[in-house]
Amino acid sequence: MSYIGQKIRELRKARKLTQDELATLLDVSPSAVGMYEQGRRSPNKDMLVKLCEIFSVSSDSLLGVNESSSEAVDIIREMSERIRSDSGVLLDGTPMSVEDREALLSAIEVATNIMLSKKRGKED
């Protein structure tokens, strides 16, 4: 079973939907849903959009992109929150001023956006 097939099945069961019910929502045959779940067929872009809407998930989540990259995102988020909330953050042994912390947070945000933008460009 493919990752996306496994994820579709998991999300469908979490919503307590049968394959027939999901097929009706997607406007496809129940066998198409079964083939998605078994990894014998992959949903096209339009179908991915419908699946994301029905299950209220991002395409990254549905495709498993966040599974491999969430650790970095979580680390960046945690680090940013700590810098934002802790006035005792040191830079080379010296406490950082509010302005220095804001500058560092801005740099982190810019760097993260550049990396994500490059990643998205490669996926297109």
# chains A, B, ... in the order shown; residues from 1 in each chain; ligands from 1

call {"tool": "residues_around", "arguments": {"residues": "A:Ala72", "least_positions_apart": "6", "cutoff": "12 Å", "atoms": "only C-alpha atoms", "output": "PyMOL selection string"}}
result
chain A and resi 66+78-79+112+115-116

call {"tool": "residues_around", "arguments": {"residues": "stretch 55-63 of chain A", "least_positions_apart": "2", "cutoff": "7 Å", "atoms": "only C-alpha atoms", "output": "mmCIF file with C-alpha atoms, in the first residue's frame"}}
result
data_model
loop_
_atom_site.group_PDB
_atom_site.id
_atom_site.type_symbol
_atom_site.label_atom_id
_atom_site.label_comp_id
_atom_site.auth_asym_id
_atom_site.auth_seq_id
_atom_site.Cartn_x
_atom_site.Cartn_y
_atom_site.Cartn_z
ATOM 1 C CA ILE A 4 -1.151 8.232 0.185
ATOM 2 C CA LYS A 7 -3.377 8.005 4.572
ATOM 3 C CA LEU A 11 -8.559 9.581 7.239
ATOM 4 C CA LEU A 51 -9.596 14.837 -0.646
ATOM 5 C CA CYS A 52 -7.910 17.704 1.204
ATOM 6 C CA GLU A 53 -11.205 19.578 1.410
ATOM 7 C CA VAL A 65 5.621 15.779 2.942
ATOM 8 C CA ASN A 66 5.254 16.910 6.558
#

call {"tool": "select_by_dssp", "arguments": {"residues": "chain A", "states": "strand (DSSP E)", "output": "ChimeraX atom specification"}}
result
/A:90-91,94-95

call {"tool": "atom_distance", "arguments": {"atom1": "atom CA of A:Gly39", "atom2": "atom CA of A:Lys122"}}
result
24.1 Å

call {"tool": "select_by_dssp", "arguments": {"residues": "chain A", "states": "alpha helix (DSSP H)", "output": "ChimeraX atom specification"}}
result
/A:3-14,19-26,30-38,45-55,59-63,65-85,98-123

call {"tool": "closest_residue", "arguments": {"among": "A:Arg40, A:Lys45, A:Arg15, A:Lys50", "to": "A:Val28", "atoms": "only C-alpha atoms"}}
result
A:Lys50

call {"tool": "residues_around", "arguments": {"residues": "A:Ser80", "least_positions_apart": "6", "cutoff": "12 Å", "atoms": "only C-alpha atoms", "output": "list in words"}}
result
Val73, Asp74, Asp86, Val89, Arg101, Glu102, Ala103, Leu104, Leu105, Ser106, Ala107, Ile108, Glu109 and Thr112 of chain A

call {"tool": "atom_distance", "arguments": {"atom1": "atom CA of A:Asn44", "atom2": "atom CA of A:Gln19"}}
result
18.0 Å

call {"tool": "residues_around", "arguments": {"residues": "A:Leu91", "least_positions_apart": "4", "cutoff": "12 Å", "atoms": "only C-alpha atoms", "output": "list in words"}}
result
Ile83, Ser87, Pro95, Met96, Ser97, Asp100, Arg101 and Leu104 of chain A

call {"tool": "write_last_selection", "arguments": {"atoms": "all heavy atoms", "output": "PDB file, in the first residue's frame"}}
result
ATOM      1  N   ILE A  83      13.115  32.194  21.731  1.00  0.00           N
ATOM      2  CA  ILE A  83      13.774  33.488  21.545  1.00  0.00           C
ATOM      3  C   ILE A  83      12.797  34.620  21.826  1.00  0.00           C
ATOM      4  O   ILE A  83      13.135  35.608  22.476  1.00  0.00           O
ATOM      5  CB  ILE A  83      14.346  33.605  20.112  1.00  0.00           C
ATOM      6  CG1 ILE A  83      15.518  32.637  19.928  1.00  0.00           C
ATOM      7  CG2 ILE A  83      14.778  35.047  19.805  1.00  0.00           C
ATOM      8  CD1 ILE A  83      15.957  32.469  18.478  1.00  0.00           C
ATOM      9  N   SER A  87      13.840  36.584  27.833  1.00  0.00           N
ATOM     10  CA  SER A  87      14.718  37.762  27.824  1.00  0.00           C
ATOM     11  C   SER A  87      16.151  37.396  28.219  1.00  0.00           C
ATOM     12  O   SER A  87      17.045  38.217  28.100  1.00  0.00           O
ATOM     13  CB  SER A  87      14.171  38.838  28.754  1.00  0.00           C
ATOM     14  OG  SER A  87      14.087  38.340  30.071  1.00  0.00           O
ATOM     15  N   PRO A  95      23.566  38.899  27.090  1.00  0.00           N
ATOM     16  CA  PRO A  95      22.108  38.891  26.884  1.00  0.00           C
ATOM     17  C   PRO A  95      21.723  39.711  25.657  1.00  0.00           C
ATOM     18  O   PRO A  95      22.277  40.785  25.410  1.00  0.00           O
ATOM     19  CB  PRO A  95      21.563  39.539  28.155  1.00  0.00           C
ATOM     20  CG  PRO A  95      22.642  39.375  29.168  1.00  0.00           C
ATOM     21  CD  PRO A  95      23.933  39.415  28.405  1.00  0.00           C
ATOM     22  N   MET A  96      20.778  39.176  24.907  1.00  0.00           N
ATOM     23  CA  MET A  96      20.312  39.868  23.705  1.00  0.00           C
ATOM     24  C   MET A  96      19.238  40.878  24.083  1.00  0.00           C
ATOM     25  O   MET A  96      18.371  40.591  24.911  1.00  0.00           O
ATOM     26  CB  MET A  96      19.734  38.868  22.699  1.00  0.00           C
ATOM     27  CG  MET A  96      20.755  37.901  22.130  1.00  0.00           C
ATOM     28  SD  MET A  96      20.015  36.705  20.994  1.00  0.00           S
ATOM     29  CE  MET A  96      19.643  37.778  19.608  1.00  0.00           C
ATOM     30  N   SER A  97      19.287  42.035  23.441  1.00  0.00           N
ATOM     31  CA  SER A  97      18.249  43.043  23.660  1.00  0.00           C
ATOM     32  C   SER A  97      16.986  42.607  22.912  1.00  0.00           C
ATOM     33  O   SER A  97      17.024  41.694  22.071  1.00  0.00           O
ATOM     34  CB  SER A  97      18.708  44.405  23.120  1.00  0.00           C
ATOM     35  OG  SER A  97      18.823  44.349  21.708  1.00  0.00           O
ATOM     36  N   ASP A 100      17.609  42.965  19.265  1.00  0.00           N
ATOM     37  CA  ASP A 100      18.444  41.883  18.720  1.00  0.00           C
ATOM     38  C   ASP A 100      17.631  40.608  18.527  1.00  0.00           C
ATOM     39  O   ASP A 100      17.773  39.913  17.528  1.00  0.00           O
ATOM     40  CB  ASP A 100      19.635  41.594  19.641  1.00  0.00           C
ATOM     41  CG  ASP A 100      20.672  42.697  19.635  1.00  0.00           C
ATOM     42  OD1 ASP A 100      20.672  43.522  18.693  1.00  0.00           O
ATOM     43  OD2 ASP A 100      21.493  42.734  20.591  1.00  0.00           O
ATOM     44  N   ARG A 101      16.771  40.299  19.512  1.00  0.00           N
ATOM     45  CA  ARG A 101      15.937  39.095  19.394  1.00  0.00           C
ATOM     46  C   ARG A 101      14.976  39.222  18.226  1.00  0.00           C
ATOM     47  O   ARG A 101      14.767  38.271  17.476  1.00  0.00           O
ATOM     48  CB  ARG A 101      15.189  38.842  20.712  1.00  0.00           C
ATOM     49  CG  ARG A 101      16.135  38.406  21.833  1.00  0.00           C
ATOM     50  CD  ARG A 101      15.442  37.793  23.052  1.00  0.00           C
ATOM     51  NE  ARG A 101      14.110  38.228  23.338  1.00  0.00           N
ATOM     52  CZ  ARG A 101      13.765  39.070  24.315  1.00  0.00           C
ATOM     53  NH1 ARG A 101      14.681  39.592  25.097  1.00  0.00           N
ATOM     54  NH2 ARG A 101      12.509  39.383  24.504  1.00  0.00           N
ATOM     55  N   LEU A 104      16.880  38.663  15.039  1.00  0.00           N
ATOM     56  CA  LEU A 104      17.160  37.245  14.864  1.00  0.00           C
ATOM     57  C   LEU A 104      15.909  36.498  14.400  1.00  0.00           C
ATOM     58  O   LEU A 104      15.966  35.669  13.481  1.00  0.00           O
ATOM     59  CB  LEU A 104      17.692  36.643  16.170  1.00  0.00           C
ATOM     60  CG  LEU A 104      18.042  35.157  16.146  1.00  0.00           C
ATOM     61  CD1 LEU A 104      19.063  34.842  15.054  1.00  0.00           C
ATOM     62  CD2 LEU A 104      18.568  34.715  17.506  1.00  0.00           C
TER      63      LEU A 104
END

call {"tool": "atom_distance", "arguments": {"atom1": "atom CA of A:Pro43", "atom2": "atom CA of A:Thr18"}}
result
17.8 Å

call {"tool": "residues_around", "arguments": {"residues": "A:Met35", "least_positions_apart": "3", "cutoff": "12 Å", "atoms": "only C-alpha atoms", "output": "list in words"}}
result
Met1, Ser2, Ile4, Gly5, Gln6, Ile8, Arg9, Gln19, Ala23, Val28, Ser29, Pro30, Ser31, Ala32, Gln38, Gly39, Arg40, Arg41, Ser42 and Pro43 of chain A

call {"tool": "decode", "arguments": {"residues": "stretch 18-117 of chain A", "atoms": "C-alpha atoms", "output": "tab-separated table (two decimals), in the first residue's frame"}}
result
chain	number	residue	atom	x	y	z
A	18	THR	CA	-17.29	3.79	4.10
A	19	GLN	CA	-15.57	3.56	0.74
A	20	ASP	CA	-18.99	4.01	-0.87
A	21	GLU	CA	-19.67	7.19	1.11
A	22	LEU	CA	-16.25	8.64	0.26
A	23	ALA	CA	-16.78	7.72	-3.38
A	24	THR	CA	-20.06	9.65	-3.39
A	25	LEU	CA	-18.35	12.71	-1.88
A	26	LEU	CA	-15.57	12.48	-4.46
A	27	ASP	CA	-17.96	11.73	-7.34
A	28	VAL	CA	-16.05	8.58	-8.28
A	29	SER	CA	-16.81	4.87	-8.14
A	30	PRO	CA	-16.26	2.92	-4.91
A	31	SER	CA	-13.70	0.82	-6.78
A	32	ALA	CA	-11.67	4.00	-7.49
A	33	VAL	CA	-11.51	4.70	-3.75
A	34	GLY	CA	-10.44	1.10	-3.17
A	35	MET	CA	-7.71	1.42	-5.79
A	36	TYR	CA	-6.47	4.67	-4.19
A	37	GLU	CA	-6.29	2.97	-0.81
A	38	GLN	CA	-4.52	-0.09	-2.24
A	39	GLY	CA	-2.00	2.06	-4.11
A	40	ARG	CA	-3.11	0.67	-7.47
A	41	ARG	CA	-4.17	4.13	-8.64
A	42	SER	CA	-3.01	7.61	-7.63
A	43	PRO	CA	-5.42	10.52	-7.33
A	44	ASN	CA	-4.85	13.35	-9.84
A	45	LYS	CA	-4.47	16.99	-8.75
A	46	ASP	CA	-8.21	17.70	-8.78
A	47	MET	CA	-8.89	14.61	-6.71
A	48	LEU	CA	-6.14	15.58	-4.25
A	49	VAL	CA	-7.83	18.95	-3.78
A	50	LYS	CA	-11.18	17.25	-3.12
A	51	LEU	CA	-9.60	14.84	-0.65
A	52	CYS	CA	-7.91	17.70	1.20
A	53	GLU	CA	-11.20	19.58	1.41
A	54	ILE	CA	-13.19	16.56	2.61
A	55	PHE	CA	-10.63	15.62	5.27
A	56	SER	CA	-9.61	19.20	6.15
A	57	VAL	CA	-5.91	18.46	5.68
A	58	SER	CA	-3.14	20.08	3.67
A	59	SER	CA	-1.81	18.44	0.52
A	60	ASP	CA	1.58	18.16	2.28
A	61	SER	CA	-0.04	16.13	5.03
A	62	LEU	CA	-1.94	13.93	2.58
A	63	LEU	CA	1.19	13.30	0.50
A	64	GLY	CA	3.42	12.74	3.50
A	65	VAL	CA	5.62	15.78	2.94
A	66	ASN	CA	5.25	16.91	6.56
A	67	GLU	CA	6.08	13.44	7.85
A	68	SER	CA	9.71	13.80	6.77
A	69	SER	CA	10.09	17.55	7.21
A	70	SER	CA	8.09	18.26	10.35
A	71	GLU	CA	11.05	17.82	12.64
A	72	ALA	CA	12.85	20.86	11.16
A	73	VAL	CA	9.65	22.92	11.21
A	74	ASP	CA	9.00	21.95	14.83
A	75	ILE	CA	12.57	22.83	15.82
A	76	ILE	CA	12.36	26.23	14.11
A	77	ARG	CA	9.00	26.97	15.72
A	78	GLU	CA	10.24	25.93	19.17
A	79	MET	CA	13.44	27.94	18.81
A	80	SER	CA	11.52	31.03	17.65
A	81	GLU	CA	9.08	30.78	20.56
A	82	ARG	CA	11.95	30.49	23.01
A	83	ILE	CA	13.77	33.49	21.54
A	84	ARG	CA	10.56	35.51	21.52
A	85	SER	CA	9.62	34.73	25.13
A	86	ASP	CA	12.97	34.50	26.94
A	87	SER	CA	14.72	37.76	27.82
A	88	GLY	CA	17.71	35.74	29.08
A	89	VAL	CA	18.78	34.49	25.64
A	90	LEU	CA	22.52	34.95	25.25
A	91	LEU	CA	24.52	35.71	22.12
A	92	ASP	CA	28.19	34.96	22.61
A	93	GLY	CA	27.71	35.16	26.38
A	94	THR	CA	25.87	38.49	26.34
A	95	PRO	CA	22.11	38.89	26.88
A	96	MET	CA	20.31	39.87	23.71
A	97	SER	CA	18.25	43.04	23.66
A	98	VAL	CA	14.62	42.98	22.52
A	99	GLU	CA	15.75	44.55	19.23
A	100	ASP	CA	18.44	41.88	18.72
A	101	ARG	CA	15.94	39.10	19.39
A	102	GLU	CA	13.47	40.63	16.92
A	103	ALA	CA	16.24	40.89	14.30
A	104	LEU	CA	17.16	37.24	14.86
A	105	LEU	CA	13.51	36.17	14.59
A	106	SER	CA	13.16	38.11	11.33
A	107	ALA	CA	16.29	36.44	9.94
A	108	ILE	CA	14.96	32.99	10.90
A	109	GLU	CA	11.63	33.76	9.23
A	110	VAL	CA	13.31	34.98	6.04
A	111	ALA	CA	15.62	31.95	5.89
A	112	THR	CA	12.73	29.54	6.49
A	113	ASN	CA	10.62	31.19	3.77
A	114	ILE	CA	13.53	31.01	1.31
A	115	MET	CA	14.04	27.30	1.99
A	116	LEU	CA	10.33	26.53	1.69
A	117	SER	CA	10.08	28.57	-1.50
